[in-house]
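The file final_39.tsv comes next; it holds TSV, C-alpha atoms.
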```
chain	number	residue	atom	x	y	z
D	1	MET	CA	206.62	143.13	194.11
D	2	ARG	CA	202.99	142.47	193.32
D	3	THR	CA	201.49	145.67	194.62
D	4	GLY	CA	199.41	148.35	193.00
D	5	PRO	CA	196.42	148.25	190.65
D	6	ASP	CA	195.42	144.98	188.98
D	7	ARG	CA	195.42	146.62	185.55
D	8	LEU	CA	198.16	149.13	184.87
D	9	VAL	CA	198.48	151.50	181.91
D	10	LEU	CA	202.20	152.00	181.43
D	11	ARG	CA	201.86	154.23	178.37
D	12	GLU	CA	198.77	156.05	177.17
D	13	GLY	CA	199.54	156.44	173.49
D	14	GLY	CA	197.94	155.83	170.13
D	15	PRO	CA	195.57	153.13	168.91
D	16	TYR	CA	198.20	150.39	168.62
D	17	ARG	CA	198.09	148.26	171.78
D	18	LEU	CA	200.78	146.24	173.50
D	19	VAL	CA	199.22	144.06	176.21
D	20	CYS	CA	201.89	142.48	178.44
D	21	LEU	CA	201.43	139.42	180.65
D	22	PRO	CA	204.21	138.89	183.22
D	23	TYR	CA	206.58	135.97	183.60
D	24	ALA	CA	206.54	133.50	186.50
D	25	GLY	CA	207.31	135.46	189.65
D	26	GLY	CA	206.89	138.78	187.83
D	27	SER	CA	204.39	141.58	188.23
D	28	ALA	CA	202.80	144.39	186.29
D	29	ARG	CA	205.89	146.49	187.02
D	30	SER	CA	208.15	143.99	185.27
D	31	PHE	CA	207.62	145.85	181.98
D	32	THR	CA	208.29	149.35	183.31
D	33	ARG	CA	211.75	149.53	181.75
D	34	LEU	CA	210.62	148.09	178.42
D	35	VAL	CA	207.94	150.71	177.98
D	36	ARG	CA	210.58	153.44	177.94
D	37	GLN	CA	211.65	152.11	174.54
D	38	VAL	CA	208.14	152.06	173.13
D	39	ALA	CA	207.10	154.74	170.69
D	40	GLU	CA	204.46	157.22	171.75
D	41	ASP	CA	201.99	155.87	169.19
D	42	TRP	CA	201.65	152.66	171.21
D	43	THR	CA	199.45	152.20	174.25
D	44	VAL	CA	200.99	149.74	176.71
D	45	VAL	CA	198.86	147.91	179.27
D	46	THR	CA	199.86	145.21	181.71
D	47	ALA	CA	198.29	143.31	184.57
D	48	GLN	CA	199.06	142.12	188.06
D	49	PRO	CA	198.91	138.35	188.66
D	50	PRO	CA	195.93	137.26	190.77
D	51	ALA	CA	196.35	137.96	194.46
D	52	ALA	CA	197.22	135.03	196.70
D	53	HIS	CA	195.17	134.26	199.77
D	54	ALA	CA	196.23	132.08	202.66
D	55	HIS	CA	195.69	128.36	202.10
D	56	ASP	CA	194.11	128.79	198.66
D	57	THR	CA	195.01	126.58	195.71
D	58	PRO	CA	197.21	128.20	193.03
D	59	PRO	CA	195.28	128.87	189.81
D	60	ASP	CA	195.84	126.59	186.82
D	61	LEU	CA	196.34	127.76	183.23
D	62	ASP	CA	192.61	127.90	182.51
D	63	GLN	CA	191.95	130.00	185.60
D	64	LEU	CA	194.84	132.34	184.80
D	65	ALA	CA	193.58	132.71	181.24
D	66	ASP	CA	190.11	133.59	182.54
D	67	PHE	CA	191.57	136.04	185.06
D	68	TYR	CA	193.68	137.99	182.57
D	69	ALA	CA	191.04	137.98	179.86
D	70	ASP	CA	188.39	139.35	182.23
D	71	LEU	CA	190.77	141.94	183.65
D	72	LEU	CA	191.99	143.07	180.21
D	73	ALA	CA	188.75	142.57	178.27
D	74	ALA	CA	188.66	146.16	177.02
D	75	ASP	CA	192.29	145.93	175.90
D	76	LEU	CA	191.99	142.77	173.82
D	77	ALA	CA	191.31	144.69	170.64
D	78	GLY	CA	193.41	145.30	167.57
D	79	PRO	CA	195.50	146.50	166.09
D	80	GLY	CA	198.04	145.30	168.59
D	81	ILE	CA	200.04	142.56	170.27
D	82	VAL	CA	199.41	140.36	173.28
D	83	LEU	CA	202.87	139.60	174.68
D	84	GLY	CA	203.02	136.69	177.11
D	85	HIS	CA	206.46	136.00	178.55
D	86	SER	CA	207.66	132.70	180.05
D	87	LEU	CA	204.75	131.15	182.00
D	88	CYS	CA	202.37	133.72	180.55
D	89	ALA	CA	203.28	132.65	177.04
D	90	ALA	CA	201.40	129.46	177.91
D	91	VAL	CA	198.66	131.55	179.55
D	92	ALA	CA	198.31	133.78	176.47
D	93	HIS	CA	198.13	130.70	174.27
D	94	ARG	CA	195.34	129.32	176.46
D	95	MET	CA	193.53	132.66	176.24
D	96	ALA	CA	193.60	132.42	172.44
D	97	GLN	CA	192.28	128.85	172.61
D	98	ARG	CA	189.41	129.79	174.87
D	99	TYR	CA	188.65	133.03	173.05
D	100	ALA	CA	188.42	131.08	169.77
D	101	ALA	CA	186.62	132.91	166.97
D	102	ASN	CA	186.09	136.02	169.14
D	103	TRP	CA	189.80	136.89	169.05
D	104	PRO	CA	190.32	140.07	166.95
D	105	ALA	CA	191.87	139.36	163.56
D	106	ASP	CA	194.47	142.13	163.92
D	107	LEU	CA	195.65	141.23	167.44
D	108	TRP	CA	198.92	139.31	167.13
D	109	LEU	CA	199.86	136.70	169.73
D	110	VAL	CA	203.55	136.82	170.73
D	111	LEU	CA	204.72	133.89	172.85
D	112	SER	CA	207.97	135.04	174.40
D	113	ALA	CA	210.37	132.46	175.92
D	114	PRO	CA	207.54	129.95	176.39
D	115	PRO	CA	207.91	127.04	178.82
D	116	ARG	CA	209.45	123.77	177.77
D	117	LEU	CA	207.10	120.92	177.04
D	118	GLY	CA	206.30	118.65	179.94
D	119	PRO	CA	206.25	119.28	183.70
D	120	PRO	CA	209.74	120.62	184.69
D	121	GLY	CA	208.37	123.99	185.74
D	122	TYR	CA	205.84	122.32	188.01
D	123	ALA	CA	208.58	120.14	189.49
D	124	LEU	CA	210.54	123.25	190.48
D	125	ALA	CA	207.65	124.43	192.62
D	126	SER	CA	208.21	121.54	195.03
D	127	LEU	CA	211.84	122.45	195.83
D	128	ASP	CA	212.77	124.04	199.13
D	129	ASP	CA	213.44	127.79	199.08
D	130	HIS	CA	217.22	127.75	198.76
D	131	SER	CA	217.22	125.00	196.14
D	132	LEU	CA	214.55	126.79	194.13
D	133	LEU	CA	216.48	130.07	194.27
D	134	SER	CA	219.66	128.33	193.15
D	135	VAL	CA	217.98	126.61	190.20
D	136	ALA	CA	216.03	129.75	189.27
D	137	ARG	CA	219.24	131.78	189.15
D	138	ALA	CA	221.01	129.13	187.07
D	139	ARG	CA	218.14	129.17	184.56
D	140	GLY	CA	217.85	132.95	184.59
D	141	ILE	CA	214.18	132.95	185.58
D	142	VAL	CA	214.62	135.46	188.40
D	143	PRO	CA	216.16	138.91	188.01
D	144	GLU	CA	219.59	139.57	189.46
D	145	LEU	CA	219.10	141.62	192.60
D	146	GLU	CA	221.78	142.97	194.92
D	147	LEU	CA	219.92	141.76	197.98
D	148	PRO	CA	220.59	139.10	200.62
D	149	ASP	CA	219.26	135.67	199.67
D	150	GLU	CA	216.78	135.63	202.54
D	151	LEU	CA	215.22	138.85	201.31
D	152	VAL	CA	215.06	137.60	197.72
D	153	ILE	CA	213.40	134.43	198.99
D	154	ARG	CA	210.82	136.44	200.91
D	155	LEU	CA	210.11	138.90	198.09
D	156	LEU	CA	210.21	136.75	194.95
D	157	LEU	CA	209.82	133.07	195.69
D	158	PRO	CA	206.19	132.95	196.89
D	159	GLY	CA	204.98	134.38	193.59
D	160	LEU	CA	207.40	132.28	191.54
D	161	ARG	CA	206.41	129.06	193.32
D	162	ARG	CA	202.70	129.83	192.92
D	163	ASP	CA	203.05	130.67	189.22
D	164	LEU	CA	205.10	127.58	188.38
D	165	ALA	CA	202.43	125.41	189.98
D	166	ALA	CA	199.98	126.64	187.31
D	167	LEU	CA	201.65	124.36	184.77
D	168	GLY	CA	200.32	121.35	186.65
D	169	GLY	CA	201.80	117.89	186.30
D	170	THR	CA	201.75	117.84	182.50
D	171	GLY	CA	202.84	121.35	181.52
D	172	TRP	CA	201.06	122.91	178.56
D	173	ILE	CA	200.11	121.59	175.15
D	174	PRO	CA	201.20	123.82	172.24
D	175	GLU	CA	198.65	123.58	169.45
D	176	PRO	CA	197.83	125.90	166.54
D	177	VAL	CA	195.30	128.60	167.39
D	178	GLY	CA	193.27	131.05	165.36
D	179	PRO	CA	195.31	134.25	165.90
D	180	PRO	CA	198.62	134.79	164.08
D	181	VAL	CA	201.31	133.44	166.44
D	182	HIS	CA	204.87	134.75	166.61
D	183	LEU	CA	207.60	133.40	168.85
D	184	LEU	CA	210.24	135.49	170.58
D	185	GLY	CA	213.32	133.95	172.18
D	186	GLY	CA	216.63	134.76	173.79
D	187	THR	CA	219.72	133.53	171.98
D	188	ASP	CA	221.33	132.46	175.27
D	189	ASP	CA	218.23	131.36	177.19
D	190	PRO	CA	218.93	128.10	179.07
D	191	THR	CA	215.29	127.74	180.07
D	192	SER	CA	213.73	128.10	176.62
D	193	PRO	CA	216.70	127.62	174.28
D	194	PRO	CA	216.58	128.09	170.50
D	195	ALA	CA	216.15	124.34	169.82
D	196	VAL	CA	213.03	124.30	172.02
D	197	LEU	CA	211.59	127.36	170.29
D	198	MET	CA	212.12	125.85	166.84
D	199	GLU	CA	210.24	122.74	167.95
D	200	LEU	CA	207.44	124.86	169.36
D	201	ALA	CA	207.30	126.92	166.16
D	202	ASP	CA	206.44	123.78	164.19
D	203	GLN	CA	203.87	122.61	166.71
D	204	LEU	CA	202.18	126.03	166.88
D	205	ALA	CA	202.37	126.71	163.12
D	206	ALA	CA	203.97	130.02	164.07
D	207	ARG	CA	204.20	132.71	161.42
D	208	GLY	CA	207.70	133.63	162.53
D	209	THR	CA	210.37	133.36	165.21
D	210	ARG	CA	212.56	136.29	166.22
D	211	TRP	CA	215.61	136.34	168.44
D	212	VAL	CA	216.83	138.77	171.05
D	213	PRO	CA	220.39	138.63	172.41
D	214	GLY	CA	220.36	137.52	176.04
D	215	GLY	CA	218.96	135.05	178.52
D	216	HIS	CA	215.49	134.21	179.75
D	217	LEU	CA	214.54	137.68	181.04
D	218	PHE	CA	215.54	139.58	177.92
D	219	VAL	CA	212.33	141.60	178.20
D	220	MET	CA	213.96	143.22	181.24
D	221	ASP	CA	217.61	143.21	180.13
D	222	GLN	CA	217.60	143.72	176.35
D	223	LEU	CA	215.07	146.48	176.06
D	224	GLU	CA	215.97	148.05	172.73
D	225	ALA	CA	216.34	144.70	170.96
D	226	THR	CA	213.08	143.41	172.45
D	227	TYR	CA	211.14	146.43	171.26
D	228	ALA	CA	212.79	146.26	167.84
D	229	ALA	CA	211.58	142.66	167.49
D	230	LEU	CA	208.07	143.63	168.57
D	231	ARG	CA	208.08	146.52	166.13
D	232	LYS	CA	208.93	144.14	163.28
D	233	ILE	CA	206.17	141.78	164.33
D	234	ALA	CA	203.75	144.71	164.44
D	235	GLY	CA	204.62	145.43	160.81
D	236	CYS	CA	203.79	141.92	159.62
D	237	ALA	CA	200.98	141.68	157.13
D	238	PRO	CA	197.79	139.97	158.27
D	239	PRO	CA	197.04	136.47	156.95
D	240	ALA	CA	195.82	136.38	153.37
D	241	ARG	CA	192.66	134.67	154.51
D	242	PRO	CA	191.14	134.01	157.93
D	243	ARG	CA	192.70	131.09	159.76
D	244	PRO	CA	190.31	128.51	161.21
D	245	ALA	CA	189.35	129.14	164.78
D	246	CYS	CA	190.73	126.79	167.38
D	247	PRO	CA	188.21	124.09	168.28
D	248	GLY	CA	186.79	124.38	171.73
D	249	ARG	CA	184.47	126.44	173.85
D	250	ARG	CA	183.65	130.06	173.26
D	251	TRP	CA	185.23	132.50	175.68
D	252	THR	CA	181.91	133.35	177.30
D	253	GLU	CA	181.58	129.78	178.54
D	254	ARG	CA	183.09	128.94	181.90
D	255	ARG	CA	184.03	125.63	183.38
D	256	PRO	CA	181.76	124.35	186.15
```

Render the structure in this file as structure tokens.
Amino acid sequence: MRTGPDRLVLREGGPYRLVCLPYAGGSARSFTRLVRQVAEDWTVVTAQPPAAHAHDTPPDLDQLADFYADLLAADLAGPGIVLGHSLCAAVAHRMAQRYAANWPADLWLVLSAPPRLGPPGYALASLDDHSLLSVARARGIVPELELPDELVIRLLLPGLRRDLAALGGTGWIPEPVGPPVHLLGGTDDPTSPPAVLMELADQLAARGTRWVPGGHLFVMDQLEATYAALRKIAGCAPPARPRPACPGRRWTERRP
């Protein structure tokens, strides 16, 4: 559940940073099990999605990017990795776009199980509760919980529905950005399958794509393999020369 501090330090370690952004319906605690695999020389920080208020409009990708970047401003420093999973892969990508030339050169961007192109995630948000839960389970986008359906609906679906709405009617647009981009995918992920990731890799000019056995929530289920993939990404050499910054506004600018 989405309770507790907005910014959460899961591991106070060395100078190497792992900054985790949760998947649709997830929370800062979604990475609690993963951090047990992480070596003590890594500091692991995560964040709670923005709180929902009655009758407010769900935030879009730009607003989520602003929210996480402001909340984690002190943590967006290298050397390290920003890990955005599922919906927050698109959010992390938008952060890198809006941060532009101010993004640290030694802060890798890992887009983990990113959304498909187009609006299917947004379309899910309009389903009734039981239909949404059924589809979410079939696609592996909610964790398996030994709880009655009504309780799962009450605990998980409000956040999931709100997060999926952030994709809007058109989804997200994967474009190359300034930071080195790596993709991470599950070999058996029906929501972001290998063919989709390979297409995204070309569109994002990704430096590499790594695979973890498992479905969409491998960051919760395949802990050792997920960390092993992140460790390999952490060992990648920096680009031989600076990559051009993504065109667009500087991070300090805000939309009206």

Inset, instruction - To one decimal in Å, tell me the separation between atom CA of Val177 of chain D and atom CA of Tyr99 of chain D. - result: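 Distance between the two atoms: 9.8 Å.
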
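Picture a line from atom CA of Arg162 of chain D to atom CA of Phe31 of chain D; it runs 20.0 Å.
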
Legend entry - Which of D:Ser112, D:Ser192, D:Asn102, D:Gln63 sits closest to Pro22 of chain D [using only C-alpha atoms]: D:Ser112

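Relative to atom CA of Lys232 of chain D, atom CA of Pro179 of chain D is found at 17.0 Å.
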
Inset, instruction - Using only C-alpha atoms, pick whichever of D:Ala47, D:Met220, D:Leu111, D:Leu145 has the shortest atom-to-atom distance to Ala96 of chain D. - result: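 Of D:Ala47, D:Met220, D:Leu111, D:Leu145, the one nearest Ala96 of chain D is D:Leu111, counting only C-alpha atoms.
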